[in-house]
$ cat model_23.pdb   # PDB, C-alpha atoms
ATOM      1  CA  MET R   1      24.707  27.692  44.937  1.00  0.00           C
ATOM      2  CA  LYS R   2      25.881  24.333  43.639  1.00  0.00           C
ATOM      3  CA  LYS R   3      22.454  22.833  44.349  1.00  0.00           C
ATOM      4  CA  THR R   4      20.774  25.478  42.166  1.00  0.00           C
ATOM      5  CA  ARG R   5      22.991  24.757  39.156  1.00  0.00           C
ATOM      6  CA  SER R   6      22.393  21.057  39.569  1.00  0.00           C
ATOM      7  CA  SER R   7      18.620  21.629  39.781  1.00  0.00           C
ATOM      8  CA  LYS R   8      18.701  23.800  36.655  1.00  0.00           C
ATOM      9  CA  SER R   9      20.750  21.197  34.811  1.00  0.00           C
ATOM     10  CA  ILE R  10      18.327  18.432  35.750  1.00  0.00           C
ATOM     11  CA  ALA R  11      15.371  20.617  34.779  1.00  0.00           C
ATOM     12  CA  ARG R  12      16.943  21.337  31.352  1.00  0.00           C
ATOM     13  CA  LYS R  13      17.654  17.659  30.759  1.00  0.00           C
ATOM     14  CA  PHE R  14      14.108  16.749  31.768  1.00  0.00           C
ATOM     15  CA  LEU R  15      12.699  19.441  29.467  1.00  0.00           C
ATOM     16  CA  CYS R  16      14.839  18.208  26.545  1.00  0.00           C
ATOM     17  CA  LEU R  17      13.757  14.621  27.167  1.00  0.00           C
ATOM     18  CA  LEU R  18      10.119  15.699  27.329  1.00  0.00           C
ATOM     19  CA  CYS R  19      10.432  17.584  24.016  1.00  0.00           C
ATOM     20  CA  VAL R  20      12.002  14.567  22.319  1.00  0.00           C
ATOM     21  CA  LEU R  21       9.228  12.291  23.598  1.00  0.00           C
ATOM     22  CA  ILE R  22       6.529  14.697  22.395  1.00  0.00           C
ATOM     23  CA  LEU R  23       8.125  14.898  18.941  1.00  0.00           C
ATOM     24  CA  LEU R  24       8.319  11.120  18.739  1.00  0.00           C
ATOM     25  CA  LEU R  25       4.699  10.705  19.774  1.00  0.00           C
ATOM     26  CA  VAL R  26       3.469  13.354  17.340  1.00  0.00           C
ATOM     27  CA  GLY R  27       5.428  11.700  14.528  1.00  0.00           C
ATOM     28  CA  CYS R  28       3.890   8.296  15.276  1.00  0.00           C
ATOM     29  CA  THR R  29       0.240   9.282  15.628  1.00  0.00           C
ATOM     30  CA  GLY R  30      -0.881   7.677  12.407  1.00  0.00           C
ATOM     31  CA  GLU R  31      -0.376   7.307   8.735  1.00  0.00           C
ATOM     32  CA  LYS R  32       0.042  10.314   6.505  1.00  0.00           C
ATOM     33  CA  ARG R  33      -2.069   8.739   3.782  1.00  0.00           C
ATOM     34  CA  THR R  34      -4.648   6.044   3.324  1.00  0.00           C
ATOM     35  CA  PRO R  35      -4.227   3.277   0.748  1.00  0.00           C
ATOM     36  CA  GLU R  36      -7.079   4.845  -1.234  1.00  0.00           C
ATOM     37  CA  GLU R  37      -5.216   8.181  -1.413  1.00  0.00           C
ATOM     38  CA  VAL R  38      -2.007   6.447  -2.463  1.00  0.00           C
ATOM     39  CA  LEU R  39      -3.883   4.426  -5.094  1.00  0.00           C
ATOM     40  CA  THR R  40      -5.530   7.576  -6.452  1.00  0.00           C
ATOM     41  CA  ALA R  41      -2.102   9.195  -6.894  1.00  0.00           C
ATOM     42  CA  VAL R  42      -0.757   6.058  -8.599  1.00  0.00           C
ATOM     43  CA  CYS R  43      -3.756   5.939 -10.966  1.00  0.00           C
ATOM     44  CA  HIS R  44      -3.306   9.634 -11.811  1.00  0.00           C
ATOM     45  CA  SER R  45       0.300   8.880 -12.787  1.00  0.00           C
ATOM     46  CA  GLN R  46      -0.885   6.677 -15.652  1.00  0.00           C
ATOM     47  CA  PRO R  47      -1.642   8.384 -18.957  1.00  0.00           C
ATOM     48  CA  GLY R  48      -4.748   6.964 -20.582  1.00  0.00           C
ATOM     49  CA  LEU R  49      -5.758   4.851 -17.583  1.00  0.00           C
ATOM     50  CA  PRO R  50      -8.386   2.389 -18.836  1.00  0.00           C
ATOM     51  CA  ALA R  51     -11.812   2.084 -17.285  1.00  0.00           C
ATOM     52  CA  GLY R  52     -11.760   0.002 -14.155  1.00  0.00           C
ATOM     53  CA  ARG R  53     -13.115  -0.534 -10.703  1.00  0.00           C
ATOM     54  CA  LEU R  54     -11.844   0.836  -7.402  1.00  0.00           C
ATOM     55  CA  TYR R  55     -12.148  -1.221  -4.233  1.00  0.00           C
ATOM     56  CA  VAL R  56     -11.251  -0.160  -0.681  1.00  0.00           C
ATOM     57  CA  LEU R  57     -11.000  -2.784   2.049  1.00  0.00           C
ATOM     58  CA  SER R  58     -11.995  -0.353   4.824  1.00  0.00           C
ATOM     59  CA  ALA R  59     -15.097   0.889   2.991  1.00  0.00           C
ATOM     60  CA  PRO R  60     -18.369  -0.028   4.710  1.00  0.00           C
ATOM     61  CA  THR R  61     -19.701  -3.384   3.566  1.00  0.00           C
ATOM     62  CA  ASP R  62     -22.770  -1.756   1.990  1.00  0.00           C
ATOM     63  CA  ASP R  63     -20.576   0.651  -0.044  1.00  0.00           C
ATOM     64  CA  ALA R  64     -19.931  -0.200  -3.717  1.00  0.00           C
ATOM     65  CA  LYS R  65     -16.191   0.329  -3.080  1.00  0.00           C
ATOM     66  CA  HIS R  66     -16.022  -2.532  -0.586  1.00  0.00           C
ATOM     67  CA  PRO R  67     -14.634  -5.677  -2.227  1.00  0.00           C
ATOM     68  CA  SER R  68     -16.881  -8.688  -1.816  1.00  0.00           C
ATOM     69  CA  ASP R  69     -15.498 -11.904  -0.370  1.00  0.00           C
ATOM     70  CA  GLY R  70     -16.120 -13.444  -3.796  1.00  0.00           C
ATOM     71  CA  TRP R  71     -14.022 -10.809  -5.552  1.00  0.00           C
ATOM     72  CA  LEU R  72     -11.163 -11.219  -3.086  1.00  0.00           C
ATOM     73  CA  ALA R  73     -11.307 -15.018  -3.409  1.00  0.00           C
ATOM     74  CA  SER R  74     -11.258 -14.826  -7.203  1.00  0.00           C
ATOM     75  CA  ALA R  75      -8.426 -12.284  -7.265  1.00  0.00           C
ATOM     76  CA  PHE R  76      -6.117 -13.839  -4.687  1.00  0.00           C
ATOM     77  CA  ASP R  77      -5.084 -17.334  -3.668  1.00  0.00           C
ATOM     78  CA  LYS R  78      -7.483 -18.376  -0.912  1.00  0.00           C
ATOM     79  CA  ASP R  79      -4.838 -19.814   1.445  1.00  0.00           C
ATOM     80  CA  LEU R  80      -2.395 -16.932   1.015  1.00  0.00           C
ATOM     81  CA  LEU R  81      -5.239 -14.445   1.454  1.00  0.00           C
ATOM     82  CA  ARG R  82      -6.397 -16.104   4.674  1.00  0.00           C
ATOM     83  CA  ALA R  83      -2.837 -15.930   6.059  1.00  0.00           C
ATOM     84  CA  ALA R  84      -2.114 -12.355   4.928  1.00  0.00           C
ATOM     85  CA  LEU R  85      -5.413 -10.536   5.487  1.00  0.00           C
ATOM     86  CA  PRO R  86      -5.170 -10.370   9.322  1.00  0.00           C
ATOM     87  CA  MET R  87      -1.849  -8.559   8.860  1.00  0.00           C
ATOM     88  CA  VAL R  88      -3.419  -5.853   6.665  1.00  0.00           C
ATOM     89  CA  LYS R  89      -4.506  -2.568   8.212  1.00  0.00           C
ATOM     90  CA  ASP R  90      -6.178  -1.366   4.984  1.00  0.00           C
ATOM     91  CA  ALA R  91      -5.912  -1.832   1.222  1.00  0.00           C
ATOM     92  CA  ALA R  92      -7.129  -0.325  -2.036  1.00  0.00           C
ATOM     93  CA  PHE R  93      -7.372  -1.978  -5.443  1.00  0.00           C
ATOM     94  CA  PHE R  94      -7.857  -0.822  -9.037  1.00  0.00           C
ATOM     95  CA  SER R  95      -8.711  -3.447 -11.593  1.00  0.00           C
ATOM     96  CA  SER R  96      -9.501  -3.047 -15.271  1.00  0.00           C
ATOM     97  CA  TYR R  97     -11.396  -5.916 -16.814  1.00  0.00           C
ATOM     98  CA  THR R  98     -10.739  -4.830 -20.397  1.00  0.00           C
ATOM     99  CA  HIS R  99      -7.014  -3.958 -20.279  1.00  0.00           C
ATOM    100  CA  ALA R 100      -3.914  -5.329 -18.617  1.00  0.00           C
ATOM    101  CA  CYS R 101      -3.906  -2.759 -15.836  1.00  0.00           C
ATOM    102  CA  GLU R 102      -4.129  -3.447 -12.122  1.00  0.00           C
ATOM    103  CA  PHE R 103      -2.900  -1.918  -8.883  1.00  0.00           C
ATOM    104  CA  ALA R 104      -3.125  -3.022  -5.267  1.00  0.00           C
ATOM    105  CA  ILE R 105      -1.893  -0.894  -2.372  1.00  0.00           C
ATOM    106  CA  PHE R 106      -1.653  -2.489   1.064  1.00  0.00           C
ATOM    107  CA  LEU R 107      -0.869  -0.863   4.398  1.00  0.00           C
ATOM    108  CA  CYS R 108       0.210  -3.644   6.742  1.00  0.00           C
ATOM    109  CA  GLN R 109       0.306  -3.848  10.520  1.00  0.00           C
ATOM    110  CA  SER R 110       4.045  -4.619  10.466  1.00  0.00           C
ATOM    111  CA  SER R 111       6.984  -5.339   8.168  1.00  0.00           C
ATOM    112  CA  LYS R 112       6.384  -9.062   8.764  1.00  0.00           C
ATOM    113  CA  GLY R 113       2.861  -8.512   7.477  1.00  0.00           C
ATOM    114  CA  ALA R 114       4.280  -6.716   4.430  1.00  0.00           C
ATOM    115  CA  ASP R 115       6.361  -9.814   3.638  1.00  0.00           C
ATOM    116  CA  ALA R 116       3.273 -12.035   3.765  1.00  0.00           C
ATOM    117  CA  VAL R 117       1.298  -9.588   1.620  1.00  0.00           C
ATOM    118  CA  SER R 118       4.123  -9.370  -0.921  1.00  0.00           C
ATOM    119  CA  ARG R 119       3.915 -13.166  -1.386  1.00  0.00           C
ATOM    120  CA  LEU R 120       0.162 -12.795  -1.908  1.00  0.00           C
ATOM    121  CA  CYS R 121       0.798 -10.074  -4.503  1.00  0.00           C
ATOM    122  CA  LEU R 122       3.460 -12.087  -6.323  1.00  0.00           C
ATOM    123  CA  GLN R 123       0.967 -14.926  -6.688  1.00  0.00           C
ATOM    124  CA  ARG R 124      -1.623 -12.466  -8.047  1.00  0.00           C
ATOM    125  CA  LEU R 125       0.929 -11.076 -10.467  1.00  0.00           C
ATOM    126  CA  ASN R 126       1.678 -14.551 -11.821  1.00  0.00           C
ATOM    127  CA  THR R 127      -2.050 -15.115 -12.335  1.00  0.00           C
ATOM    128  CA  LEU R 128      -2.382 -11.789 -14.182  1.00  0.00           C
ATOM    129  CA  LYS R 129       0.612 -12.507 -16.429  1.00  0.00           C
ATOM    130  CA  LEU R 130      -0.740 -15.939 -17.358  1.00  0.00           C
ATOM    131  CA  TYR R 131      -4.171 -14.529 -18.088  1.00  0.00           C
ATOM    132  CA  TRP R 132      -2.982 -11.628 -20.222  1.00  0.00           C
ATOM    133  CA  GLU R 133      -0.323 -13.658 -22.049  1.00  0.00           C
ATOM    134  CA  GLY R 134      -3.177 -15.863 -23.264  1.00  0.00           C
ATOM    135  CA  ALA R 135      -5.108 -12.851 -24.570  1.00  0.00           C
ATOM    136  CA  GLU R 136      -4.888 -12.073 -28.269  1.00  0.00           C
ATOM    137  CA  VAL R 137      -3.759  -8.496 -27.754  1.00  0.00           C
ATOM    138  CA  ILE R 138      -1.908  -7.299 -24.698  1.00  0.00           C
ATOM    139  CA  ASP R 139      -1.264  -3.594 -24.284  1.00  0.00           C
ATOM    140  CA  THR R 140       0.967  -3.986 -21.217  1.00  0.00           C
ATOM    141  CA  PRO R 141       4.029  -6.209 -21.481  1.00  0.00           C
ATOM    142  CA  PRO R 142       4.640  -8.508 -18.482  1.00  0.00           C
ATOM    143  CA  GLN R 143       7.882  -6.694 -17.648  1.00  0.00           C
ATOM    144  CA  ASN R 144       5.743  -3.658 -16.744  1.00  0.00           C
ATOM    145  CA  ALA R 145       4.606  -5.466 -13.631  1.00  0.00           C
ATOM    146  CA  GLY R 146       6.015  -5.995 -10.182  1.00  0.00           C
ATOM    147  CA  VAL R 147       5.607  -5.936  -6.433  1.00  0.00           C
ATOM    148  CA  THR R 148       7.467  -3.452  -4.230  1.00  0.00           C
ATOM    149  CA  VAL R 149       7.634  -3.257  -0.440  1.00  0.00           C
ATOM    150  CA  ARG R 150       8.411  -0.009   1.331  1.00  0.00           C
ATOM    151  CA  GLY R 151       8.271  -0.391   5.103  1.00  0.00           C
ATOM    152  CA  ARG R 152       4.731  -1.504   5.938  1.00  0.00           C
ATOM    153  CA  TRP R 153       3.439  -0.570   2.469  1.00  0.00           C
ATOM    154  CA  VAL R 154       3.145  -2.942  -0.490  1.00  0.00           C
ATOM    155  CA  ILE R 155       2.259  -2.085  -4.074  1.00  0.00           C
ATOM    156  CA  LEU R 156       1.365  -4.474  -6.864  1.00  0.00           C
ATOM    157  CA  TYR R 157       1.470  -2.816 -10.274  1.00  0.00           C
ATOM    158  CA  PHE R 158       0.713  -4.061 -13.788  1.00  0.00           C
ATOM    159  CA  CYS R 159       0.539  -0.978 -15.992  1.00  0.00           C
ATOM    160  CA  GLN R 160       1.826   0.984 -18.972  1.00  0.00           C
ATOM    161  CA  ASP R 161       4.223   3.188 -16.986  1.00  0.00           C
ATOM    162  CA  PRO R 162       5.582   1.363 -13.935  1.00  0.00           C
ATOM    163  CA  GLU R 163       8.257   4.014 -13.239  1.00  0.00           C
ATOM    164  CA  ALA R 164       5.589   6.721 -12.945  1.00  0.00           C
ATOM    165  CA  ALA R 165       3.481   4.445 -10.731  1.00  0.00           C
ATOM    166  CA  LEU R 166       6.403   3.789  -8.372  1.00  0.00           C
ATOM    167  CA  ARG R 167       7.334   7.488  -8.258  1.00  0.00           C
ATOM    168  CA  ALA R 168       3.732   8.375  -7.324  1.00  0.00           C
ATOM    169  CA  PHE R 169       3.707   5.588  -4.721  1.00  0.00           C
ATOM    170  CA  ARG R 170       6.911   6.799  -3.037  1.00  0.00           C
ATOM    171  CA  ARG R 171       6.027  10.496  -3.300  1.00  0.00           C
ATOM    172  CA  THR R 172       2.571  10.024  -1.768  1.00  0.00           C
ATOM    173  CA  LEU R 173       3.757   8.097   1.286  1.00  0.00           C
TER
END
$ encode --input "model_23.pdb" --output "C-alpha cells"
Amino acid sequence: MKKTRSSKSIARKFLCLLCVLILLLVGCTGEKRTPEEVLTAVCHSQPGLPAGRLYVLSAPTDDAKHPSDGWLASAFDKDLLRAALPMVKDAAFFSSYTHACEFAIFLCQSSKGADAVSRLCLQRLNTLKLYWEGAEVIDTPPQNAGVTVRGRWVILYFCQDPEAALRAFRRTL
C-alpha cells in the first residue's frame, strides 16, 4: 500500500514537472512580433507622419525594403555598425528625408547585443541632431529624440510625439 502512494506521488510530481517544462518551452518558441510589425505600430502612433522610407534588414536583398550596404554605412558609424550588426537578429527602419523624423527598431540576439546596438543608435541620434540643428526649419525639437532598451529590443526615435512612440513600442512587444 505504501509503495502505491509513493508511486502516485512520484507520478504527480513528474507530471507537474513535465507541464512546467512544456509551458516554458511554448513561451520561448519565438518572438511575438517582428521589428517591422513593431515599427509599423510606432509609425501609426505618430499623427501626420511625414513621407519616408521603410527598410527591413531581413527582407530579401532584391526587395526594395532591404537596406543597401551604402545606406547602412551612411546612416550608422561604420566601426560601430560592424561590431553591432552580428548581434542583431532583425531590424526595421523608417527614415524621412524631408522632416526630422526617424525610427529604428532592433531585435538583438541577447541583452549584451542590445547594449552594443544602443551605442550605435546613440551615435546615429547625435548625427541626426547635428544635421537637423543646422537646418533652417526644424519641426521636431532635439528633446523629442532618444534611445530606449527593453530586454533584447532597442528603439531609436526622433519624432513629434515620443511618448506615443514609446507607448506603441512597449504595447506591441
$ resolve_selection --input "model_23.pdb" --expression "the PyMOL selection byres ((chain R and resi 91) around 9)" --output "list in words"
Thr34, Pro35, Glu36, Tyr55, Val56, Leu57, Ser58, Val88, Lys89, Asp90, Ala92, Phe93, Ala104, Ile105, Phe106, Leu107 and Cys108 of chain R
$ atom_distance --input "model_23.pdb" --atom1 "atom CA of R:Val42" --atom2 "atom CA of R:Gln160"
11.8 Å
$ residues_around --input "model_23.pdb" --residues "stretch 120-123 of chain R" --least-positions-apart "4" --cutoff "10 Å" --atoms "only C-alpha atoms" --output "JSON list (two decimals) with C-alpha atoms, in the frame of the given file"
[["chain", "number", "residue", "atom", "x", "y", "z"],
["R", 75, "ALA", "CA", -8.43, -12.28, -7.26],
["R", 76, "PHE", "CA", -6.12, -13.84, -4.69],
["R", 77, "ASP", "CA", -5.08, -17.33, -3.67],
["R", 78, "LYS", "CA", -7.48, -18.38, -0.91],
["R", 79, "ASP", "CA", -4.84, -19.81, 1.44],
["R", 80, "LEU", "CA", -2.40, -16.93, 1.01],
["R", 81, "LEU", "CA", -5.24, -14.44, 1.45],
["R", 82, "ARG", "CA", -6.40, -16.10, 4.67],
["R", 83, "ALA", "CA", -2.84, -15.93, 6.06],
["R", 84, "ALA", "CA", -2.11, -12.36, 4.93],
["R", 85, "LEU", "CA", -5.41, -10.54, 5.49],
["R", 103, "PHE", "CA", -2.90, -1.92, -8.88],
["R", 104, "ALA", "CA", -3.12, -3.02, -5.27],
["R", 105, "ILE", "CA", -1.89, -0.89, -2.37],
["R", 106, "PHE", "CA", -1.65, -2.49, 1.06],
["R", 114, "ALA", "CA", 4.28, -6.72, 4.43],
["R", 115, "ASP", "CA", 6.36, -9.81, 3.64],
["R", 116, "ALA", "CA", 3.27, -12.04, 3.76],
["R", 127, "THR", "CA", -2.05, -15.12, -12.34],
["R", 128, "LEU", "CA", -2.38, -11.79, -14.18],
["R", 145, "ALA", "CA", 4.61, -5.47, -13.63],
["R", 146, "GLY", "CA", 6.02, -6.00, -10.18],
["R", 147, "VAL", "CA", 5.61, -5.94, -6.43],
["R", 148, "THR", "CA", 7.47, -3.45, -4.23],
["R", 154, "VAL", "CA", 3.14, -2.94, -0.49],
["R", 155, "ILE", "CA", 2.26, -2.08, -4.07],
["R", 156, "LEU", "CA", 1.36, -4.47, -6.86],
["R", 157, "TYR", "CA", 1.47, -2.82, -10.27]]
$ atom_distance --input "model_23.pdb" --atom1 "atom CA of R:Cys159" --atom2 "atom CA of R:Arg33"
22.2 Å
$ atom_distance --input "model_23.pdb" --atom1 "atom CA of R:Gly113" --atom2 "atom CA of R:Met87"
4.9 Å
$ resolve_selection --input "model_23.pdb" --expression "the PyMOL selection byres ((chain R and resi 49-51) around 12)" --output "MDAnalysis selection string"
chainID R and resid 40 42:48 52:54 94:103 139:140 158:161 165
$ axis_aligned_box --input "model_23.pdb" --around "stretch 82-90 of chain R" --padding-each-side "6 Å" --output "lines of an AutoDock Vina configuration file"
center_x = -4.1
center_y = -8.7
center_z = 7.0
size_x = 16.5
size_y = 26.7
size_z = 16.6
$ decode --input "model_23.pdb" --residues "stretch 34-63 of chain R" --atoms "N, CA, C and O atoms" --output "CSV table (one decimal), in the first residue's frame"
chain,number,residue,atom,x,y,z
R,34,THR,N,7.7,40.9,-35.1
R,34,THR,CA,8.9,41.2,-35.8
R,34,THR,C,9.2,42.7,-35.7
R,34,THR,O,8.3,43.5,-35.4
R,35,PRO,N,10.4,43.1,-35.9
R,35,PRO,CA,10.7,44.5,-35.9
R,35,PRO,C,9.9,45.4,-36.9
R,35,PRO,O,9.5,46.5,-36.5
R,36,GLU,N,9.6,44.8,-38.0
R,36,GLU,CA,8.7,45.5,-39.0
R,36,GLU,C,7.3,45.8,-38.4
R,36,GLU,O,6.8,46.9,-38.5
R,37,GLU,N,6.8,44.8,-37.7
R,37,GLU,CA,5.4,45.0,-37.1
R,37,GLU,C,5.5,46.0,-36.0
R,37,GLU,O,4.6,46.8,-35.8
R,38,VAL,N,6.6,46.0,-35.2
R,38,VAL,CA,6.7,47.0,-34.1
R,38,VAL,C,6.9,48.3,-34.7
R,38,VAL,O,6.3,49.3,-34.3
R,39,LEU,N,7.7,48.5,-35.7
R,39,LEU,CA,7.9,49.7,-36.4
R,39,LEU,C,6.6,50.3,-37.0
R,39,LEU,O,6.3,51.5,-36.9
R,40,THR,N,5.8,49.4,-37.6
R,40,THR,CA,4.5,49.8,-38.2
R,40,THR,C,3.6,50.4,-37.1
R,40,THR,O,3.0,51.5,-37.3
R,41,ALA,N,3.6,49.8,-35.9
R,41,ALA,CA,2.8,50.3,-34.8
R,41,ALA,C,3.3,51.6,-34.3
R,41,ALA,O,2.5,52.6,-34.0
R,42,VAL,N,4.6,51.8,-34.2
R,42,VAL,CA,5.2,53.0,-33.8
R,42,VAL,C,4.9,54.1,-34.8
R,42,VAL,O,4.5,55.2,-34.4
R,43,CYS,N,5.0,53.8,-36.1
R,43,CYS,CA,4.7,54.8,-37.1
R,43,CYS,C,3.2,55.3,-37.1
R,43,CYS,O,2.9,56.4,-37.2
R,44,HIS,N,2.3,54.3,-36.8
R,44,HIS,CA,0.9,54.6,-36.7
R,44,HIS,C,0.6,55.5,-35.5
R,44,HIS,O,-0.4,56.1,-35.5
R,45,SER,N,1.5,55.5,-34.5
R,45,SER,CA,1.3,56.3,-33.3
R,45,SER,C,1.5,57.8,-33.6
R,45,SER,O,1.2,58.6,-32.7
R,46,GLN,N,2.1,58.1,-34.7
R,46,GLN,CA,2.5,59.5,-35.0
R,46,GLN,C,1.5,60.2,-35.9
R,46,GLN,O,1.3,59.8,-37.0
R,47,PRO,N,0.9,61.2,-35.3
R,47,PRO,CA,-0.1,62.0,-36.2
R,47,PRO,C,0.7,62.7,-37.3
R,47,PRO,O,1.8,63.3,-37.0
R,48,GLY,N,0.2,62.7,-38.5
R,48,GLY,CA,0.9,63.5,-39.5
R,48,GLY,C,2.3,63.0,-39.8
R,48,GLY,O,3.2,63.8,-40.1
R,49,LEU,N,2.5,61.7,-39.8
R,49,LEU,CA,3.8,61.1,-40.1
R,49,LEU,C,4.2,61.6,-41.5
R,49,LEU,O,3.5,61.4,-42.5
R,50,PRO,N,5.4,62.2,-41.7
R,50,PRO,CA,5.8,62.6,-43.0
R,50,PRO,C,6.2,61.4,-43.9
R,50,PRO,O,6.4,60.3,-43.5
R,51,ALA,N,6.3,61.8,-45.2
R,51,ALA,CA,6.7,60.7,-46.1
R,51,ALA,C,8.1,60.2,-45.8
R,51,ALA,O,8.9,61.0,-45.3
R,52,GLY,N,8.3,59.0,-46.0
R,52,GLY,CA,9.6,58.4,-45.7
R,52,GLY,C,9.8,57.1,-46.3
R,52,GLY,O,8.9,56.6,-47.1
R,53,ARG,N,10.8,56.4,-45.9
R,53,ARG,CA,11.2,55.1,-46.5
R,53,ARG,C,11.3,54.1,-45.4
R,53,ARG,O,11.9,54.3,-44.3
R,54,LEU,N,10.8,52.9,-45.6
R,54,LEU,CA,10.8,51.8,-44.7
R,54,LEU,C,11.9,50.8,-45.2
R,54,LEU,O,11.9,50.4,-46.4
R,55,TYR,N,12.7,50.4,-44.3
R,55,TYR,CA,13.7,49.4,-44.6
R,55,TYR,C,13.6,48.2,-43.6
R,55,TYR,O,13.3,48.5,-42.4
R,56,VAL,N,13.8,47.0,-44.0
R,56,VAL,CA,13.8,45.8,-43.1
R,56,VAL,C,15.0,45.0,-43.4
R,56,VAL,O,15.2,44.5,-44.5
R,57,LEU,N,15.8,44.8,-42.4
R,57,LEU,CA,17.1,44.1,-42.5
R,57,LEU,C,16.9,42.7,-43.0
R,57,LEU,O,17.7,42.2,-43.9
R,58,SER,N,15.8,42.0,-42.6
R,58,SER,CA,15.6,40.6,-43.0
R,58,SER,C,14.9,40.5,-44.4
R,58,SER,O,14.7,39.3,-44.9
R,59,ALA,N,14.6,41.6,-45.0
R,59,ALA,CA,13.9,41.5,-46.3
R,59,ALA,C,15.0,40.9,-47.3
R,59,ALA,O,16.2,41.1,-47.2
R,60,PRO,N,14.5,40.2,-48.3
R,60,PRO,CA,15.4,39.6,-49.3
R,60,PRO,C,16.2,40.8,-50.0
R,60,PRO,O,15.7,41.9,-50.1
R,61,THR,N,17.4,40.5,-50.4
R,61,THR,CA,18.3,41.5,-50.9
R,61,THR,C,17.8,42.2,-52.2
R,61,THR,O,18.1,43.3,-52.5
R,62,ASP,N,16.9,41.5,-52.9
R,62,ASP,CA,16.3,42.1,-54.1
R,62,ASP,C,15.0,42.8,-53.9
R,62,ASP,O,14.4,43.3,-54.8
R,63,ASP,N,14.6,42.9,-52.6
R,63,ASP,CA,13.4,43.6,-52.2
R,63,ASP,C,13.7,45.1,-52.0
R,63,ASP,O,14.8,45.4,-51.4
